[in-house]
Every structure is written in structure tokens, then in C-alpha cells.
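Raw contents of final37.cif, mmCIF, C-alpha atoms; chains and numbers go by the auth columns:
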data_structure
#
loop_
_atom_site.group_PDB
_atom_site.id
_atom_site.type_symbol
_atom_site.label_atom_id
_atom_site.label_comp_id
_atom_site.label_asym_id
_atom_site.label_seq_id
_atom_site.Cartn_x
_atom_site.Cartn_y
_atom_site.Cartn_z
_atom_site.B_iso_or_equiv
_atom_site.auth_seq_id
_atom_site.auth_asym_id
ATOM 1 C CA SER A 1 -9.645 10.340 39.561 0.00 1 W
ATOM 2 C CA GLN A 2 -8.460 8.809 36.336 0.00 2 W
ATOM 3 C CA THR A 3 -6.327 10.713 33.883 0.00 3 W
ATOM 4 C CA ILE A 4 -4.834 9.852 30.529 0.00 4 W
ATOM 5 C CA HIS A 5 -1.638 11.328 29.200 0.00 5 W
ATOM 6 C CA GLN A 6 -0.647 11.283 25.579 0.00 6 W
ATOM 7 C CA TRP A 7 2.427 12.808 23.998 0.00 7 W
ATOM 8 C CA PRO A 8 3.704 14.554 22.029 0.00 8 W
ATOM 9 C CA ALA A 9 0.887 16.928 21.090 0.00 9 W
ATOM 10 C CA THR A 10 2.259 17.583 17.622 0.00 10 W
ATOM 11 C CA LEU A 11 4.838 15.823 15.530 0.00 11 W
ATOM 12 C CA VAL A 12 6.299 16.395 12.091 0.00 12 W
ATOM 13 C CA GLN A 13 8.196 13.448 10.668 0.00 13 W
ATOM 14 C CA PRO A 14 9.694 12.686 7.251 0.00 14 W
ATOM 15 C CA VAL A 15 8.506 9.773 5.161 0.00 15 W
ATOM 16 C CA GLY A 16 10.382 6.608 6.055 0.00 16 W
ATOM 17 C CA SER A 17 11.206 7.672 9.588 0.00 17 W
ATOM 18 C CA PRO A 18 10.129 5.652 12.646 0.00 18 W
ATOM 19 C CA LEU A 19 7.330 6.602 15.015 0.00 19 W
ATOM 20 C CA SER A 20 6.636 6.053 18.664 0.00 20 W
ATOM 21 C CA LEU A 21 3.628 7.528 20.425 0.00 21 W
ATOM 22 C CA GLU A 22 3.046 6.833 24.068 0.00 22 W
ATOM 23 C CA CYS A 23 -0.059 6.890 26.192 0.00 23 W
ATOM 24 C CA THR A 24 -0.379 6.281 29.928 0.00 24 W
ATOM 25 C CA VAL A 25 -3.393 6.085 32.181 0.00 25 W
ATOM 26 C CA GLU A 26 -3.405 6.913 35.876 0.00 26 W
ATOM 27 C CA GLY A 27 -5.890 6.187 38.617 0.00 27 W
ATOM 28 C CA THR A 28 -7.216 2.870 37.356 0.00 28 W
ATOM 29 C CA SER A 29 -5.996 -0.672 36.875 0.00 29 W
ATOM 30 C CA ASN A 30 -6.414 -3.104 33.986 0.00 30 W
ATOM 31 C CA PRO A 31 -8.086 -0.609 31.665 0.00 31 W
ATOM 32 C CA ASN A 32 -9.081 -1.381 28.106 0.00 32 W
ATOM 33 C CA LEU A 33 -6.827 0.733 25.892 0.00 33 W
ATOM 34 C CA TYR A 34 -7.400 1.984 22.365 0.00 34 W
ATOM 35 C CA TRP A 35 -5.606 3.743 19.525 0.00 35 W
ATOM 36 C CA TYR A 36 -7.693 5.617 16.968 0.00 36 W
ATOM 37 C CA ARG A 37 -6.678 7.716 14.010 0.00 37 W
ATOM 38 C CA GLN A 38 -8.665 10.570 12.524 0.00 38 W
ATOM 39 C CA ALA A 39 -7.644 11.789 9.093 0.00 39 W
ATOM 40 C CA ALA A 40 -8.419 15.401 8.278 0.00 40 W
ATOM 41 C CA GLY A 41 -12.175 15.887 8.006 0.00 41 W
ATOM 42 C CA ARG A 42 -12.855 12.207 8.584 0.00 42 W
ATOM 43 C CA GLY A 43 -14.193 9.940 11.309 0.00 43 W
ATOM 44 C CA LEU A 44 -12.336 7.951 13.947 0.00 44 W
ATOM 45 C CA GLN A 45 -10.701 4.802 12.659 0.00 45 W
ATOM 46 C CA LEU A 46 -9.983 2.141 15.274 0.00 46 W
ATOM 47 C CA LEU A 47 -6.411 0.932 14.894 0.00 47 W
ATOM 48 C CA PHE A 48 -5.713 -1.244 17.933 0.00 48 W
ATOM 49 C CA TYR A 49 -7.241 -2.149 21.225 0.00 49 W
ATOM 50 C CA SER A 50 -5.997 -4.060 24.225 0.00 50 W
ATOM 51 C CA VAL A 51 -7.741 -5.686 27.184 0.00 51 W
ATOM 52 C CA GLY A 52 -4.559 -6.605 29.064 0.00 52 W
ATOM 53 C CA ILE A 53 -0.771 -6.570 29.153 0.00 53 W
ATOM 54 C CA GLY A 54 0.692 -8.047 26.008 0.00 54 W
ATOM 55 C CA GLN A 55 -2.724 -8.502 24.371 0.00 55 W
ATOM 56 C CA ILE A 56 -3.267 -6.468 21.199 0.00 56 W
ATOM 57 C CA SER A 57 -6.108 -6.655 18.708 0.00 57 W
ATOM 58 C CA SER A 58 -5.444 -5.093 15.332 0.00 58 W
ATOM 59 C CA GLU A 59 -8.291 -3.712 13.300 0.00 59 W
ATOM 60 C CA VAL A 60 -6.572 -2.457 10.180 0.00 60 W
ATOM 61 C CA PRO A 61 -3.544 -4.115 8.534 0.00 61 W
ATOM 62 C CA GLN A 62 -0.965 -1.430 7.873 0.00 62 W
ATOM 63 C CA ASN A 63 2.542 -0.416 8.760 0.00 63 W
ATOM 64 C CA LEU A 64 1.621 0.456 12.350 0.00 64 W
ATOM 65 C CA SER A 65 1.964 -1.716 15.424 0.00 65 W
ATOM 66 C CA ALA A 66 1.010 -1.402 19.059 0.00 66 W
ATOM 67 C CA SER A 67 2.373 -2.740 22.288 0.00 67 W
ATOM 68 C CA ARG A 68 1.277 -2.769 25.894 0.00 68 W
ATOM 69 C CA PRO A 69 4.376 -3.367 27.985 0.00 69 W
ATOM 70 C CA GLN A 70 2.716 -2.341 31.246 0.00 70 W
ATOM 71 C CA ASP A 71 -0.833 -2.371 32.517 0.00 71 W
ATOM 72 C CA ARG A 72 -1.452 1.326 31.936 0.00 72 W
ATOM 73 C CA GLN A 73 0.927 2.015 29.065 0.00 73 W
ATOM 74 C CA PHE A 74 0.033 1.762 25.394 0.00 74 W
ATOM 75 C CA ILE A 75 2.504 2.481 22.620 0.00 75 W
ATOM 76 C CA LEU A 76 1.886 3.001 18.914 0.00 76 W
ATOM 77 C CA SER A 77 4.846 2.453 16.607 0.00 77 W
ATOM 78 C CA SER A 78 5.915 2.388 13.029 0.00 78 W
ATOM 79 C CA LYS A 79 9.230 1.421 11.500 0.00 79 W
ATOM 80 C CA LYS A 80 8.720 3.538 8.382 0.00 80 W
ATOM 81 C CA LEU A 81 6.098 6.233 8.109 0.00 81 W
ATOM 82 C CA LEU A 82 4.058 6.798 4.973 0.00 82 W
ATOM 83 C CA LEU A 83 2.446 10.032 3.850 0.00 83 W
ATOM 84 C CA SER A 84 -0.920 8.393 4.471 0.00 84 W
ATOM 85 C CA ASP A 85 -0.046 7.997 8.158 0.00 85 W
ATOM 86 C CA SER A 86 -0.666 11.696 8.714 0.00 86 W
ATOM 87 C CA GLY A 87 -3.568 12.344 11.029 0.00 87 W
ATOM 88 C CA PHE A 88 -4.792 12.936 14.532 0.00 88 W
ATOM 89 C CA TYR A 89 -3.898 9.977 16.755 0.00 89 W
ATOM 90 C CA LEU A 90 -6.019 9.467 19.816 0.00 90 W
ATOM 91 C CA CYS A 91 -5.458 7.149 22.733 0.00 91 W
ATOM 92 C CA ALA A 92 -8.436 6.194 24.858 0.00 92 W
ATOM 93 C CA TRP A 93 -9.248 4.025 27.847 0.00 93 W
ATOM 94 C CA SER A 94 -12.295 2.430 29.365 0.00 94 W
ATOM 95 C CA SER A 95 -12.629 0.780 32.727 0.00 95 W
ATOM 96 C CA TYR A 96 -14.532 -2.321 31.545 0.00 96 W
ATOM 97 C CA SER A 97 -16.520 -3.679 28.647 0.00 97 W
ATOM 98 C CA ASN A 98 -19.602 -1.596 27.893 0.00 98 W
ATOM 99 C CA SER A 99 -18.227 1.468 29.674 0.00 99 W
ATOM 100 C CA PRO A 100 -17.550 4.683 27.750 0.00 100 W
ATOM 101 C CA LEU A 101 -14.161 5.602 26.335 0.00 101 W
ATOM 102 C CA HIS A 102 -12.185 8.563 27.582 0.00 102 W
ATOM 103 C CA PHE A 103 -9.681 10.153 25.254 0.00 103 W
ATOM 104 C CA GLY A 104 -6.301 11.729 25.648 0.00 104 W
ATOM 105 C CA ASN A 105 -5.583 15.092 24.073 0.00 105 W
ATOM 106 C CA GLY A 106 -4.282 13.459 20.906 0.00 106 W
ATOM 107 C CA THR A 107 -1.156 13.726 18.783 0.00 107 W
ATOM 108 C CA ARG A 108 -1.343 15.558 15.491 0.00 108 W
ATOM 109 C CA LEU A 109 1.117 13.821 13.170 0.00 109 W
ATOM 110 C CA THR A 110 2.213 15.290 9.869 0.00 110 W
ATOM 111 C CA VAL A 111 4.344 13.113 7.620 0.00 111 W
ATOM 112 C CA THR A 112 6.251 15.180 5.054 0.00 112 W
ATOM 113 C CA ARG B 1 -23.110 -1.601 5.146 0.00 1 V
ATOM 114 C CA LYS B 2 -20.949 0.398 7.529 0.00 2 V
ATOM 115 C CA GLU B 3 -20.924 -0.675 11.148 0.00 3 V
ATOM 116 C CA VAL B 4 -22.037 2.758 12.325 0.00 4 V
ATOM 117 C CA GLU B 5 -23.528 5.450 10.093 0.00 5 V
ATOM 118 C CA GLN B 6 -24.386 9.066 10.655 0.00 6 V
ATOM 119 C CA ASP B 7 -25.603 11.881 8.451 0.00 7 V
ATOM 120 C CA PRO B 8 -22.519 14.102 8.142 0.00 8 V
ATOM 121 C CA GLY B 9 -24.586 17.291 7.960 0.00 9 V
ATOM 122 C CA PRO B 10 -23.886 20.097 8.419 0.00 10 V
ATOM 123 C CA PHE B 11 -26.999 20.976 10.328 0.00 11 V
ATOM 124 C CA ASN B 12 -27.336 24.748 10.433 0.00 12 V
ATOM 125 C CA VAL B 13 -29.937 25.761 12.995 0.00 13 V
ATOM 126 C CA PRO B 14 -30.876 29.048 14.678 0.00 14 V
ATOM 127 C CA GLU B 15 -30.365 29.592 18.361 0.00 15 V
ATOM 128 C CA GLY B 16 -33.217 28.165 20.379 0.00 16 V
ATOM 129 C CA ALA B 17 -34.096 25.518 17.816 0.00 17 V
ATOM 130 C CA THR B 18 -34.477 21.839 18.501 0.00 18 V
ATOM 131 C CA VAL B 19 -32.317 19.515 16.456 0.00 19 V
ATOM 132 C CA ALA B 20 -32.129 15.747 16.281 0.00 20 V
ATOM 133 C CA PHE B 21 -29.427 13.405 15.027 0.00 21 V
ATOM 134 C CA ASN B 22 -29.733 9.742 14.236 0.00 22 V
ATOM 135 C CA CYS B 23 -27.117 7.053 14.122 0.00 23 V
ATOM 136 C CA THR B 24 -27.671 3.551 12.756 0.00 24 V
ATOM 137 C CA TYR B 25 -25.632 0.490 13.634 0.00 25 V
ATOM 138 C CA SER B 26 -25.351 -2.878 11.959 0.00 26 V
ATOM 139 C CA ASN B 27 -24.387 -5.265 14.766 0.00 27 V
ATOM 140 C CA SER B 28 -27.523 -6.428 16.514 0.00 28 V
ATOM 141 C CA ALA B 29 -25.377 -7.822 19.353 0.00 29 V
ATOM 142 C CA SER B 30 -24.136 -4.359 20.321 0.00 30 V
ATOM 143 C CA GLN B 31 -24.616 -3.674 24.000 0.00 31 V
ATOM 144 C CA SER B 32 -23.552 -0.134 24.716 0.00 32 V
ATOM 145 C CA PHE B 33 -24.048 3.158 22.953 0.00 33 V
ATOM 146 C CA PHE B 34 -22.665 6.636 23.461 0.00 34 V
ATOM 147 C CA TRP B 35 -22.772 10.163 22.123 0.00 35 V
ATOM 148 C CA TYR B 36 -19.609 12.236 22.025 0.00 36 V
ATOM 149 C CA ARG B 37 -18.979 15.838 21.203 0.00 37 V
ATOM 150 C CA GLN B 38 -15.858 16.867 19.300 0.00 38 V
ATOM 151 C CA ASP B 39 -14.754 20.442 18.906 0.00 39 V
ATOM 152 C CA CYS B 40 -12.493 21.415 16.039 0.00 40 V
ATOM 153 C CA ARG B 41 -9.016 19.915 16.394 0.00 41 V
ATOM 154 C CA LYS B 42 -9.801 18.530 19.841 0.00 42 V
ATOM 155 C CA GLU B 43 -10.367 15.074 21.254 0.00 43 V
ATOM 156 C CA PRO B 44 -13.920 13.687 21.482 0.00 44 V
ATOM 157 C CA LYS B 45 -15.551 14.131 24.861 0.00 45 V
ATOM 158 C CA LEU B 46 -18.293 11.965 26.245 0.00 46 V
ATOM 159 C CA LEU B 47 -21.646 13.702 26.102 0.00 47 V
ATOM 160 C CA MET B 48 -23.815 10.904 27.368 0.00 48 V
ATOM 161 C CA SER B 49 -24.333 7.190 27.416 0.00 49 V
ATOM 162 C CA VAL B 50 -27.500 5.858 25.832 0.00 50 V
ATOM 163 C CA TYR B 51 -29.654 3.509 27.851 0.00 51 V
ATOM 164 C CA SER B 52 -32.452 1.248 26.696 0.00 52 V
ATOM 165 C CA SER B 53 -35.039 3.304 28.525 0.00 53 V
ATOM 166 C CA GLY B 54 -33.739 6.551 27.081 0.00 54 V
ATOM 167 C CA ASN B 55 -32.062 9.203 29.154 0.00 55 V
ATOM 168 C CA GLU B 56 -31.980 12.933 29.506 0.00 56 V
ATOM 169 C CA ASP B 57 -29.325 15.370 30.669 0.00 57 V
ATOM 170 C CA GLY B 58 -30.548 18.926 30.707 0.00 58 V
ATOM 171 C CA ARG B 59 -31.264 19.967 27.129 0.00 59 V
ATOM 172 C CA PHE B 60 -29.986 16.681 25.729 0.00 60 V
ATOM 173 C CA THR B 61 -32.044 13.526 25.299 0.00 61 V
ATOM 174 C CA ALA B 62 -30.750 10.213 23.983 0.00 62 V
ATOM 175 C CA GLN B 63 -32.876 7.337 22.774 0.00 63 V
ATOM 176 C CA LEU B 64 -32.149 3.781 21.704 0.00 64 V
ATOM 177 C CA ASN B 65 -34.296 1.819 19.271 0.00 65 V
ATOM 178 C CA ARG B 66 -33.021 -1.756 19.239 0.00 66 V
ATOM 179 C CA ALA B 67 -35.639 -3.018 16.809 0.00 67 V
ATOM 180 C CA SER B 68 -34.559 -0.558 14.131 0.00 68 V
ATOM 181 C CA GLN B 69 -30.953 -0.453 15.328 0.00 69 V
ATOM 182 C CA TYR B 70 -30.491 3.228 15.748 0.00 70 V
ATOM 183 C CA ILE B 71 -29.772 5.736 18.457 0.00 71 V
ATOM 184 C CA SER B 72 -30.790 9.359 18.494 0.00 72 V
ATOM 185 C CA LEU B 73 -29.727 12.585 20.155 0.00 73 V
ATOM 186 C CA LEU B 74 -32.102 15.467 20.643 0.00 74 V
ATOM 187 C CA ILE B 75 -30.841 18.912 21.561 0.00 75 V
ATOM 188 C CA ARG B 76 -33.425 21.411 22.728 0.00 76 V
ATOM 189 C CA ASP B 77 -33.016 25.173 22.929 0.00 77 V
ATOM 190 C CA SER B 78 -29.770 25.122 20.935 0.00 78 V
ATOM 191 C CA LYS B 79 -26.995 27.421 22.088 0.00 79 V
ATOM 192 C CA LEU B 80 -24.141 28.854 20.078 0.00 80 V
ATOM 193 C CA SER B 81 -21.835 26.791 22.274 0.00 81 V
ATOM 194 C CA ASP B 82 -23.489 23.600 21.016 0.00 82 V
ATOM 195 C CA SER B 83 -21.749 24.070 17.659 0.00 83 V
ATOM 196 C CA ALA B 84 -19.513 21.038 17.274 0.00 84 V
ATOM 197 C CA THR B 85 -19.392 17.628 15.646 0.00 85 V
ATOM 198 C CA TYR B 86 -21.443 14.943 17.367 0.00 86 V
ATOM 199 C CA LEU B 87 -20.179 11.382 17.166 0.00 87 V
ATOM 200 C CA CYS B 88 -22.065 8.269 18.034 0.00 88 V
ATOM 201 C CA ALA B 89 -20.187 5.238 19.300 0.00 89 V
ATOM 202 C CA VAL B 90 -21.293 1.628 19.455 0.00 90 V
ATOM 203 C CA ASN B 91 -19.605 -1.413 20.907 0.00 91 V
ATOM 204 C CA GLY B 92 -19.679 -4.825 19.352 0.00 92 V
ATOM 205 C CA GLY B 93 -17.592 -7.751 18.281 0.00 93 V
ATOM 206 C CA GLY B 94 -16.722 -8.867 21.774 0.00 94 V
ATOM 207 C CA TYR B 95 -17.801 -5.691 23.513 0.00 95 V
ATOM 208 C CA GLN B 96 -14.290 -4.245 23.819 0.00 96 V
ATOM 209 C CA LYS B 97 -14.290 -2.973 20.257 0.00 97 V
ATOM 210 C CA VAL B 98 -15.918 0.452 20.018 0.00 98 V
ATOM 211 C CA THR B 99 -16.770 1.857 16.600 0.00 99 V
ATOM 212 C CA PHE B 100 -17.516 5.500 15.946 0.00 100 V
ATOM 213 C CA GLY B 101 -19.664 7.095 13.325 0.00 101 V
ATOM 214 C CA THR B 102 -18.120 9.734 11.120 0.00 102 V
ATOM 215 C CA GLY B 103 -19.927 12.458 13.030 0.00 103 V
ATOM 216 C CA THR B 104 -22.624 15.017 12.366 0.00 104 V
ATOM 217 C CA LYS B 105 -21.595 18.637 12.265 0.00 105 V
ATOM 218 C CA LEU B 106 -23.878 21.110 13.998 0.00 106 V
ATOM 219 C CA GLN B 107 -23.641 24.847 13.493 0.00 107 V
ATOM 220 C CA VAL B 108 -25.904 26.980 15.662 0.00 108 V
ATOM 221 C CA ILE B 109 -26.478 30.357 14.085 0.00 109 V
ATOM 222 C CA PRO B 110 -27.240 33.584 15.996 0.00 110 V
#

If you took the structure in this file and wrote it as C-alpha cells, what would it be?
Amino acid sequence: SQTIHQWPATLVQPVGSPLSLECTVEGTSNPNLYWYRQAAGRGLQLLFYSVGIGQISSEVPQNLSASRPQDRQFILSSKKLLLSDSGFYLCAWSSYSNSPLHFGNGTRLTVT
Amino acid sequence: RKEVEQDPGPFNVPEGATVAFNCTYSNSASQSFFWYRQDCRKEPKLLMSVYSSGNEDGRFTAQLNRASQYISLLIRDSKLSDSATYLCAVNGGGYQKVTFGTGTKLQVIP
């Protein structure tokens, strides 16, 4: 069966520090991969999605970037965090277009 | 107009009640629709996909109305454990992009 791993679960980082969140999927090949962010009390904001290695679609221009160095690995990065980057970051995968998304446990990021 | 819109609630209903949520979407080319459940401080979990003919899973029924561009979720015989936020999700813009509504909070009261 397919599983998705996302780490760390919680993170506290100072403003201006870099960020790297990693997500890996097991048990499937060539998944669609997604990064969402959920600010406190808000909905899910799509940040990036990828349909293959090296292919990234960005939905919101900001100081975040994403990379997909391997088929089942998706990384979210920032060179300098802002206070507004605080939130609940969720990685998700789907097996093909029109199939449902399945989420990792999320990373709760607090920028201080 | 937002791509996907939901009434944020909260919906406070007594145990055993029937409650319905609607979700409207703006992209008429959208092909797939889903309902998710999200508990406090947890990741969303797939509740059910929504098919054109409508579908049912136990106490939960999902419907799609393409003409009016909305999907609905009906929960019958509400349980305390149904208390959560319910998110609708719609694909569009090339089918890989999946947009979520802001969620509707349900509180089932004893």
C-alpha cells in the first residue's frame, strides 16, 4: 500500500532563517505531488504541484520554492523565512489526474 | 469569484440530526470532486469522491450538480464523532491542480 512521509512534525525557526521540508511517497510510481499551506483558522492554499521529476508548477509567488529531485521526493524550501510563512504545511500525492489526494501528517511551522 | 466556496459555519446540530453542506465551484471544466474531513490540527482525510450520479457511503451522501456548479454532502443521523471541518476539493486548470474550499465546521451537540 502507498504511504506518505513528511517531516519534521513541528518546527520553530527565526525570521530570516532557511527552511527545508521533505516529503516522500512509497508504494507508487510517478505520483502527482503537492504542497499546501494552511494558516491558522484558514483554508488550504495550494503552493506547488508537480506531475514529474523536475517539473514544478507554482501557484503563489512568494519566497518559497519547491523541487522534485526524485520521482517520489518533494522538497519545500525557503532561503529566508518571513513571519507570514508560519502555518501548517501539508504534502499530498495522487496517483493520476482526477484521483483524490492523500495527505501526509503535516509540518507545523512557527516563525518567530 | 473564488474558485471554490463553502459556508464556513459553524453548523451546530443535535445528535441524530441530518445536516447538509454545499460547495460551489467556478471552473466549469472541473472533472473531479471530493469531500474531506479535517479534525483539529490534523491533516485532511478523504471522506468520499463525488460522482456524477451521486454516491452514498453509509450515513454520507454526496451529490454533484454540474448545471449549477455545486457539490453537496449530506450527513444523516449525526454522531458526536462527526464533529470536524468538512472540506470540498475540486480539480481544474489542467486537472492536476486541486483547489480546496475553506471548509465548513460541524459541531454535533449531545

Would you list the contacts of stretch 5-7 of chain W as JSON, numbers by chain, taking every protein, DNA or RNA residue within 9 Å and counting all atoms listed in the file, but skipping same-chain residues closer than 4 positions in sequence?
{"W": [21, 22, 23, 24, 25, 26, 90, 91, 104, 105, 106, 107]}

Based on the selection just made, write C-alpha atoms of those residues as a tab-separated table (two decimals), in the coordinates of the input.
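The resulting file, part_36.tsv, is reproduced below:
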chain	number	residue	atom	x	y	z
W	21	LEU	CA	3.63	7.53	20.42
W	22	GLU	CA	3.05	6.83	24.07
W	23	CYS	CA	-0.06	6.89	26.19
W	24	THR	CA	-0.38	6.28	29.93
W	25	VAL	CA	-3.39	6.08	32.18
W	26	GLU	CA	-3.40	6.91	35.88
W	90	LEU	CA	-6.02	9.47	19.82
W	91	CYS	CA	-5.46	7.15	22.73
W	104	GLY	CA	-6.30	11.73	25.65
W	105	ASN	CA	-5.58	15.09	24.07
W	106	GLY	CA	-4.28	13.46	20.91
W	107	THR	CA	-1.16	13.73	18.78

Residues of chain V near chain W: apply a cut-off of 9 Å, count all atoms listed in the file, and supply the list as an MDAnalysis selection string.
chainID V and resid 31:34 41:46 48:49 87 89 91 94:103

One decimal, in Å: what's the spacing between atom CA of W:Gln2 and atom CA of W:Trp93?
9.8 Å

Within 10 Å of file point (-29.0, 23.8, 23.9), counting all atoms listed in the file, expressed as a list in words
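Selection result: Glu15, Gly16, Ala17, Thr18, Val19, Gly58, Arg59, Phe60, Leu74, Ile75, Arg76, Asp77, Ser78, Lys79, Leu80, Ser81, Asp82, Ser83 and Val108 of chain V.
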
Specify as a ChimeraX atom specification each residue included when the PyMOL selection byres ((chain V and resi 9) around 8) is applied to this file.
/V:7-8,10-11,104-106

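Put simply, atom CA of V:Ile109 is 6.7 Å away from atom CA of V:Asn12.
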
Identify all residues satisfying the PyMOL selection byres ((chain W and resi 63-67) around 9) in the given file; provide them as a compact mmCIF listing (two decimals) with C-alpha atoms, in the coordinates of the input.
# COMPACT_ATOMS: atom_id res chain seq x y z
CA LEU W 19 7.33 6.60 15.02
CA TRP W 35 -5.61 3.74 19.52
CA LEU W 47 -6.41 0.93 14.89
CA PHE W 48 -5.71 -1.24 17.93
CA TYR W 49 -7.24 -2.15 21.22
CA SER W 50 -6.00 -4.06 24.22
CA ILE W 53 -0.77 -6.57 29.15
CA GLY W 54 0.69 -8.05 26.01
CA GLN W 55 -2.72 -8.50 24.37
CA ILE W 56 -3.27 -6.47 21.20
CA SER W 57 -6.11 -6.66 18.71
CA SER W 58 -5.44 -5.09 15.33
CA VAL W 60 -6.57 -2.46 10.18
CA PRO W 61 -3.54 -4.12 8.53
CA GLN W 62 -0.96 -1.43 7.87
CA ARG W 68 1.28 -2.77 25.89
CA PRO W 69 4.38 -3.37 27.98
CA GLN W 70 2.72 -2.34 31.25
CA GLN W 73 0.93 2.02 29.06
CA PHE W 74 0.03 1.76 25.39
CA ILE W 75 2.50 2.48 22.62
CA LEU W 76 1.89 3.00 18.91
CA SER W 77 4.85 2.45 16.61
CA SER W 78 5.92 2.39 13.03
CA LYS W 79 9.23 1.42 11.50
CA LYS W 80 8.72 3.54 8.38
CA LEU W 81 6.10 6.23 8.11
CA LEU W 82 4.06 6.80 4.97
CA ASP W 85 -0.05 8.00 8.16

Step by step: start from the point (-19.5, 16.5, 20.4) in the file's coordinates, keep every protein, DNA or RNA residue that has an atom no farther than 6 Å from it, count all atoms listed in the file, and write the set as a list in words.
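With a cut-off of 6 Å, the residues come to Tyr36, Arg37, Gln38, Ala84, Thr85 and Tyr86 of chain V.
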
If you take every atom of stretch 62-77 of chain V that the file lists and fit an axis-aligned box around them with 3 Å extra on each side, what centre and edge lengths come out in Å to one decimal, as AutoDock Vina command-line options?
--center_x -32.7 --center_y 11.1 --center_z 19.1 --size_x 11.9 --size_y 34.2 --size_z 15.9

If we count all atoms listed in the file and set the cut-off at 10 Å, which residues sit around V:Lys2, ignoring sequence neighbours fewer than 6 positions away in its own chain? Please answer as a PyMOL selection string.
chain V and resi 24-27+101

Quote the spacing between atom CA of V:Val13 and atom CA of V:Gly54 in Å to one decimal place.
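Taking atom CA of V:Val13 and atom CA of V:Gly54, their separation equals 24.1 Å.
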